[in-house]
Each structure stands twice: as structure tokens, then as C-alpha cells.
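Everything below concerns the one structure shown next.
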Amino acid sequence: MQYWLVKSEPETYSWGDLVKDGRTSWDGVRNFQARNNLQKMAPGDLVLFYHSVSEKAIVGIAKVDCAAYPDPTADDPKWMAVDLVPERDFKDSVTLDQIKKDNRLEQIGLLRQSRLSVMPLRPEEFEVLLSLGN
């Protein structure tokens, strides 16, 4: 199993939207590195859902429901999408400030490549974030 973090502006598509919808196609990604990360996702992988820009916090856990497939919103079949389903809310949101202050997370992609919308997490990073959110 692998662990991931995806970012979305809550005004565009929020954790609450995913919970309400019950499933979504994670499409519209137009960054090559993020696309490559989508291609590596496998069914059952766990994904932390991060509200970017206005909130800057991890708010829930989703699960990858199917392997990557060509993004239906793109003209080029090289762009990929995956389907995500909600697993559960975080009891407490984990803010970007909390992440920055925790020395166990100093190498996390969220701090090193802050503009990347889909990024892998090391298992130990995932566990730290999970413990902070529960």
C-alpha cells in the first residue's frame, strides 16, 4: 500500500463535496509530476485530502478506488485521473502550521514542493499526520 496527499481549494471542490458525492474522479491535473503520481496510485491506497489556499489543512482520508485511466476532461490521453472515495473525516484538521512545526515532517513534499497537487507520502509521514488528526 502507498500513501498520498491531494490538494484542492475548498471553494472549488471540498472534502465535504467528496463526502456528499461518495466518489469523484480526480481529474483536471495538468502538471507532469502530479500526473506521474496519479499513474502510480493503486486501488486501496490511502489519500490525505488537503484544503489548500484558504484553509491550508488536512481534513480527511480518502481511498483510491480504481487504477489511473485517461482523464476524460483532457484532449490528450497522456493526462490521467483516478477515482477517490471518502474513508473518514479527521477528528481535528491538521494545519500547515502544525506540519511546519513538527520536525518529523520536515522532509514532507507539502513543504518541499508546495505547489504540487498530488504527492506521495512516506509511511512514517502518513502515520504522524494520522496521529495529529485523531
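In the C-alpha cells, each chain is lettered A, B, ... as it comes, each chain's residues begin at 1, and ligands are numbered from 1 in order of appearance.
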
Residues of stretch 2-127 of chain A in helix (DSSP H, G or I) according to DSSP, as a VMD selection string? chain A and resid 15 to 21 32 to 40 96 to 101 103 to 105 109 to 112 123 to 127

Write the selection just made, keeping N, CA and C atoms, as a compact mmCIF listing (two decimals), in the first residue's frame?
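Listed below is the output, out.txt:
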# COMPACT_ATOMS: atom_id res chain seq x y z
N TRP A 15 -13.62 18.64 0.79
CA TRP A 15 -13.80 17.34 1.44
C TRP A 15 -15.31 17.07 1.61
N GLY A 16 -16.05 18.08 2.03
CA GLY A 16 -17.50 17.93 2.18
C GLY A 16 -18.17 17.54 0.87
N ASP A 17 -17.68 18.06 -0.24
CA ASP A 17 -18.22 17.69 -1.55
C ASP A 17 -17.97 16.20 -1.82
N LEU A 18 -16.75 15.74 -1.52
CA LEU A 18 -16.43 14.32 -1.73
C LEU A 18 -17.30 13.42 -0.86
N VAL A 19 -17.47 13.82 0.39
CA VAL A 19 -18.32 13.03 1.29
C VAL A 19 -19.75 12.98 0.76
N LYS A 20 -20.27 14.13 0.34
CA LYS A 20 -21.63 14.21 -0.20
C LYS A 20 -21.77 13.38 -1.47
N ASP A 21 -20.78 13.49 -2.37
CA ASP A 21 -20.82 12.77 -3.64
C ASP A 21 -20.58 11.27 -3.47
N PHE A 32 3.02 17.56 -14.94
CA PHE A 32 3.59 16.26 -15.29
C PHE A 32 3.94 15.42 -14.06
N GLN A 33 4.53 16.02 -13.04
CA GLN A 33 4.90 15.25 -11.85
C GLN A 33 3.66 14.75 -11.12
N ALA A 34 2.66 15.60 -11.00
CA ALA A 34 1.41 15.17 -10.37
C ALA A 34 0.74 14.07 -11.18
N ARG A 35 0.77 14.19 -12.50
CA ARG A 35 0.21 13.14 -13.37
C ARG A 35 0.93 11.82 -13.15
N ASN A 36 2.26 11.88 -13.06
CA ASN A 36 3.04 10.65 -12.83
C ASN A 36 2.66 10.02 -11.49
N ASN A 37 2.39 10.86 -10.49
CA ASN A 37 1.96 10.34 -9.20
C ASN A 37 0.59 9.68 -9.32
N LEU A 38 -0.32 10.28 -10.08
CA LEU A 38 -1.62 9.65 -10.29
C LEU A 38 -1.46 8.27 -10.93
N GLN A 39 -0.54 8.15 -11.88
CA GLN A 39 -0.32 6.88 -12.56
C GLN A 39 0.17 5.79 -11.61
N LYS A 40 0.84 6.18 -10.55
CA LYS A 40 1.38 5.22 -9.58
C LYS A 40 0.35 4.78 -8.54
N LEU A 96 -1.31 23.51 8.15
CA LEU A 96 0.03 23.67 7.59
C LEU A 96 1.00 24.16 8.66
N ASP A 97 0.55 25.03 9.55
CA ASP A 97 1.43 25.49 10.64
C ASP A 97 1.86 24.33 11.53
N GLN A 98 0.94 23.43 11.85
CA GLN A 98 1.31 22.25 12.64
C GLN A 98 2.35 21.41 11.92
N ILE A 99 2.16 21.23 10.64
CA ILE A 99 3.08 20.42 9.84
C ILE A 99 4.46 21.06 9.82
N LYS A 100 4.51 22.37 9.64
CA LYS A 100 5.79 23.08 9.61
C LYS A 100 6.54 22.99 10.94
N LYS A 101 5.81 22.92 12.03
CA LYS A 101 6.42 22.90 13.37
C LYS A 101 6.85 21.51 13.82
N ASN A 103 9.06 18.45 13.57
CA ASN A 103 10.34 18.08 12.93
C ASN A 103 10.30 16.70 12.29
N ARG A 104 9.33 15.87 12.63
CA ARG A 104 9.19 14.57 11.97
C ARG A 104 8.71 14.73 10.53
N LEU A 105 8.21 15.91 10.18
CA LEU A 105 7.64 16.15 8.85
C LEU A 105 8.47 17.14 8.03
N GLY A 109 6.70 16.34 1.26
CA GLY A 109 6.56 17.01 -0.03
C GLY A 109 5.74 18.28 0.04
N LEU A 110 4.79 18.36 0.94
CA LEU A 110 3.95 19.53 1.08
C LEU A 110 4.77 20.77 1.39
N LEU A 111 5.88 20.60 2.08
CA LEU A 111 6.76 21.73 2.40
C LEU A 111 7.83 21.94 1.34
N ARG A 112 8.24 20.88 0.72
CA ARG A 112 9.33 20.97 -0.27
C ARG A 112 8.84 21.35 -1.66
N PRO A 123 5.39 6.24 4.54
CA PRO A 123 4.51 5.66 5.57
C PRO A 123 4.63 6.35 6.93
N GLU A 124 5.85 6.70 7.32
CA GLU A 124 6.03 7.35 8.62
C GLU A 124 5.41 8.75 8.63
N GLU A 125 5.42 9.46 7.50
CA GLU A 125 4.77 10.76 7.43
C GLU A 125 3.25 10.60 7.54
N PHE A 126 2.73 9.62 6.84
CA PHE A 126 1.30 9.34 6.91
C PHE A 126 0.88 9.06 8.35
N GLU A 127 1.64 8.23 9.04
CA GLU A 127 1.31 7.87 10.43
C GLU A 127 1.35 9.08 11.36

Residues near A:Ser25, anyone? I mean within 8 Å using only C-alpha atoms, not counting same-chain ones fewer than 4 positions away, as a list in words. Ala81, Val82, Asp83 and Leu84 of chain A

Go ahead and write the residues just picked, N, CA and C atoms, as a short mmCIF file (atom, residue, chain, number, x, y, z; two decimals), in the first residue's frame.
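Heads up, here's the output in selection-v2.cif:
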data_model
loop_
_atom_site.label_atom_id
_atom_site.label_comp_id
_atom_site.auth_asym_id
_atom_site.auth_seq_id
_atom_site.Cartn_x
_atom_site.Cartn_y
_atom_site.Cartn_z
N ALA A 81 -6.39 10.33 -14.55
CA ALA A 81 -7.30 10.57 -13.42
C ALA A 81 -7.41 9.27 -12.63
N VAL A 82 -7.84 9.37 -11.39
CA VAL A 82 -8.19 8.21 -10.57
C VAL A 82 -9.51 8.52 -9.89
N ASP A 83 -10.18 7.50 -9.41
CA ASP A 83 -11.39 7.70 -8.63
C ASP A 83 -11.05 7.59 -7.15
N LEU A 84 -11.58 8.55 -6.38
CA LEU A 84 -11.40 8.56 -4.94
C LEU A 84 -12.75 8.41 -4.25
#

Per DSSP on the backbone, what are the strand (DSSP E) residues of chain A, as a PyMOL selection string? chain A and resi 3-8+24-26+46-51+57-70+80-95+118-121

Keeping only N, CA and C atoms, write the selected residues as a tab-separated table (two decimals), in the first residue's frame.
chain	number	residue	atom	x	y	z
A	3	TYR	N	0.84	5.72	0.15
A	3	TYR	CA	0.13	6.82	0.78
A	3	TYR	C	0.37	8.09	-0.03
A	4	TRP	N	-0.68	8.91	-0.10
A	4	TRP	CA	-0.66	10.09	-0.95
A	4	TRP	C	-1.31	11.26	-0.26
A	5	LEU	N	-1.06	12.44	-0.80
A	5	LEU	CA	-1.76	13.65	-0.39
A	5	LEU	C	-2.22	14.35	-1.66
A	6	VAL	N	-3.50	14.74	-1.69
A	6	VAL	CA	-4.03	15.54	-2.79
A	6	VAL	C	-4.51	16.86	-2.22
A	7	LYS	N	-4.37	17.88	-3.04
A	7	LYS	CA	-4.76	19.23	-2.63
A	7	LYS	C	-5.89	19.74	-3.51
A	8	SER	N	-6.82	20.44	-2.86
A	8	SER	CA	-7.91	21.07	-3.58
A	8	SER	C	-8.32	22.33	-2.84
A	24	THR	N	-15.47	10.51	-6.49
A	24	THR	CA	-15.17	11.52	-7.50
A	24	THR	C	-14.03	11.05	-8.38
A	25	SER	N	-14.03	11.56	-9.59
A	25	SER	CA	-12.90	11.37	-10.48
A	25	SER	C	-11.92	12.50	-10.19
A	26	TRP	N	-10.69	12.16	-9.79
A	26	TRP	CA	-9.68	13.18	-9.52
A	26	TRP	C	-9.02	13.51	-10.86
A	46	LEU	N	-4.23	4.85	0.39
A	46	LEU	CA	-4.88	5.87	1.19
A	46	LEU	C	-4.37	7.25	0.81
A	47	VAL	N	-5.29	8.21	0.83
A	47	VAL	CA	-5.01	9.56	0.34
A	47	VAL	C	-5.49	10.57	1.38
A	48	LEU	N	-4.58	11.44	1.81
A	48	LEU	CA	-4.98	12.53	2.69
A	48	LEU	C	-5.48	13.68	1.83
A	49	PHE	N	-6.59	14.26	2.23
A	49	PHE	CA	-7.25	15.32	1.48
A	49	PHE	C	-6.93	16.65	2.16
A	50	TYR	N	-6.24	17.52	1.41
A	50	TYR	CA	-5.76	18.80	1.94
A	50	TYR	C	-6.52	19.94	1.30
A	51	HIS	N	-7.10	20.80	2.15
A	51	HIS	CA	-7.73	22.02	1.66
A	51	HIS	C	-6.64	23.07	1.52
A	57	ALA	N	-5.16	22.96	5.42
A	57	ALA	CA	-5.24	21.91	6.43
A	57	ALA	C	-5.66	20.59	5.80
A	58	ILE	N	-5.17	19.50	6.39
A	58	ILE	CA	-5.62	18.16	6.02
A	58	ILE	C	-6.91	17.91	6.79
A	59	VAL	N	-7.95	17.48	6.08
A	59	VAL	CA	-9.27	17.38	6.70
A	59	VAL	C	-9.89	15.98	6.64
A	60	GLY	N	-9.32	15.07	5.83
A	60	GLY	CA	-9.92	13.75	5.74
A	60	GLY	C	-9.04	12.75	5.02
A	61	ILE	N	-9.50	11.51	5.03
A	61	ILE	CA	-8.80	10.40	4.38
A	61	ILE	C	-9.72	9.81	3.33
A	62	ALA	N	-9.18	9.66	2.12
A	62	ALA	CA	-9.90	9.01	1.03
A	62	ALA	C	-9.15	7.75	0.64
A	63	LYS	N	-9.76	6.98	-0.21
A	63	LYS	CA	-9.13	5.76	-0.71
A	63	LYS	C	-9.21	5.78	-2.24
A	64	VAL	N	-8.12	5.32	-2.87
A	64	VAL	CA	-8.12	5.17	-4.33
A	64	VAL	C	-9.02	3.97	-4.65
A	65	ASP	N	-9.97	4.19	-5.56
A	65	ASP	CA	-10.96	3.15	-5.85
A	65	ASP	C	-10.68	2.40	-7.15
A	66	CYS	N	-9.86	2.98	-8.02
A	66	CYS	CA	-9.51	2.28	-9.25
A	66	CYS	C	-8.18	2.82	-9.77
A	67	ALA	N	-7.54	2.03	-10.58
A	67	ALA	CA	-6.25	2.43	-11.17
A	67	ALA	C	-6.44	3.63	-12.09
A	68	ALA	N	-5.35	4.32	-12.36
A	68	ALA	CA	-5.39	5.50	-13.22
A	68	ALA	C	-5.93	5.16	-14.60
A	69	TYR	N	-6.64	6.11	-15.17
A	69	TYR	CA	-7.21	5.97	-16.51
A	69	TYR	C	-7.11	7.33	-17.20
A	70	PRO	N	-7.23	7.37	-18.52
A	70	PRO	CA	-7.13	8.65	-19.22
A	70	PRO	C	-8.17	9.65	-18.71
A	80	MET	N	-3.95	11.81	-16.79
A	80	MET	CA	-4.59	10.71	-16.07
A	80	MET	C	-5.52	11.22	-14.96
A	81	ALA	N	-6.39	10.33	-14.55
A	81	ALA	CA	-7.30	10.57	-13.42
A	81	ALA	C	-7.41	9.27	-12.63
A	82	VAL	N	-7.84	9.37	-11.39
A	82	VAL	CA	-8.19	8.21	-10.57
A	82	VAL	C	-9.51	8.52	-9.89
A	83	ASP	N	-10.18	7.50	-9.41
A	83	ASP	CA	-11.39	7.70	-8.63
A	83	ASP	C	-11.05	7.59	-7.15
A	84	LEU	N	-11.58	8.55	-6.38
A	84	LEU	CA	-11.40	8.56	-4.94
A	84	LEU	C	-12.75	8.41	-4.25
A	85	VAL	N	-12.75	7.70	-3.13
A	85	VAL	CA	-13.93	7.59	-2.29
A	85	VAL	C	-13.53	8.02	-0.87
A	86	PRO	N	-14.44	8.68	-0.16
A	86	PRO	CA	-14.10	9.12	1.20
A	86	PRO	C	-14.02	7.93	2.16
A	87	GLU	N	-13.05	7.98	3.04
A	87	GLU	CA	-12.93	6.97	4.10
A	87	GLU	C	-13.48	7.52	5.41
A	88	ARG	N	-12.87	8.64	5.87
A	88	ARG	CA	-13.36	9.26	7.10
A	88	ARG	C	-12.78	10.66	7.27
A	89	ASP	N	-13.48	11.45	8.06
A	89	ASP	CA	-13.01	12.77	8.41
A	89	ASP	C	-11.85	12.67	9.40
A	90	PHE	N	-11.02	13.68	9.42
A	90	PHE	CA	-10.08	13.83	10.52
A	90	PHE	C	-10.87	14.41	11.69
A	91	LYS	N	-10.65	13.90	12.88
A	91	LYS	CA	-11.31	14.45	14.06
A	91	LYS	C	-10.91	15.91	14.21
A	92	ASP	N	-9.61	16.18	14.07
A	92	ASP	CA	-9.07	17.53	14.11
A	92	ASP	C	-8.31	17.77	12.82
A	93	SER	N	-8.59	18.87	12.14
A	93	SER	CA	-7.82	19.21	10.95
A	93	SER	C	-6.36	19.39	11.34
A	94	VAL	N	-5.46	19.02	10.43
A	94	VAL	CA	-4.03	19.20	10.67
A	94	VAL	C	-3.59	20.36	9.78
A	95	THR	N	-3.24	21.47	10.42
A	95	THR	CA	-2.94	22.68	9.68
A	95	THR	C	-1.51	22.67	9.14
A	118	VAL	N	-0.63	16.61	-6.26
A	118	VAL	CA	-0.72	15.18	-5.94
A	118	VAL	C	0.69	14.72	-5.60
A	119	MET	N	0.88	14.24	-4.37
A	119	MET	CA	2.24	13.88	-3.95
A	119	MET	C	2.23	12.63	-3.08
A	120	PRO	N	3.32	11.88	-3.15
A	120	PRO	CA	3.43	10.70	-2.29
A	120	PRO	C	3.79	11.10	-0.87
A	121	LEU	N	3.43	10.24	0.06
A	121	LEU	CA	3.84	10.37	1.45
A	121	LEU	C	4.57	9.11	1.86

Would you pick out the contacts of A:Thr73 at 9 Å or less, using only C-alpha atoms, so that residues sharing its chain but fewer than 3 positions from it are not included, and give the list as number ranges by chain? A: 27-28, 70, 79

If you keep N, CA and C atoms, can you produce a file of those selected residues as a PDB file, in the first residue's frame?
ATOM      1  N   ASP A  27      -9.625  14.460 -11.533  1.00  0.00           N
ATOM      2  CA  ASP A  27      -9.208  14.803 -12.888  1.00  0.00           C
ATOM      3  C   ASP A  27      -8.783  16.266 -12.945  1.00  0.00           C
ATOM      4  N   GLY A  28      -8.414  16.706 -14.133  1.00  0.00           N
ATOM      5  CA  GLY A  28      -8.031  18.090 -14.328  1.00  0.00           C
ATOM      6  C   GLY A  28      -6.599  18.418 -13.951  1.00  0.00           C
ATOM      7  N   PRO A  70      -7.229   7.367 -18.519  1.00  0.00           N
ATOM      8  CA  PRO A  70      -7.133   8.648 -19.224  1.00  0.00           C
ATOM      9  C   PRO A  70      -8.173   9.648 -18.710  1.00  0.00           C
ATOM     10  N   TRP A  79      -2.834  12.493 -20.077  1.00  0.00           N
ATOM     11  CA  TRP A  79      -3.249  13.006 -18.770  1.00  0.00           C
ATOM     12  C   TRP A  79      -4.129  11.967 -18.096  1.00  0.00           C
TER      13      TRP A  79
END

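Distances from A:Ile108, A:Tyr13, A:Asp75, A:Leu129 to A:Ser52 were compared using only C-alpha atoms, and the smallest one belongs to A:Tyr13.
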
Atom CA of A:Glu9 and atom CA of A:Met41, how far apart in Å? 21.3 Å

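Between atom CA of A:Arg115 and atom CA of A:Pro72 there is a distance of 23.2 Å.
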
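When atom CA of A:Ser14 is paired with atom CA of A:Val29, their separation reads 15.9 Å.
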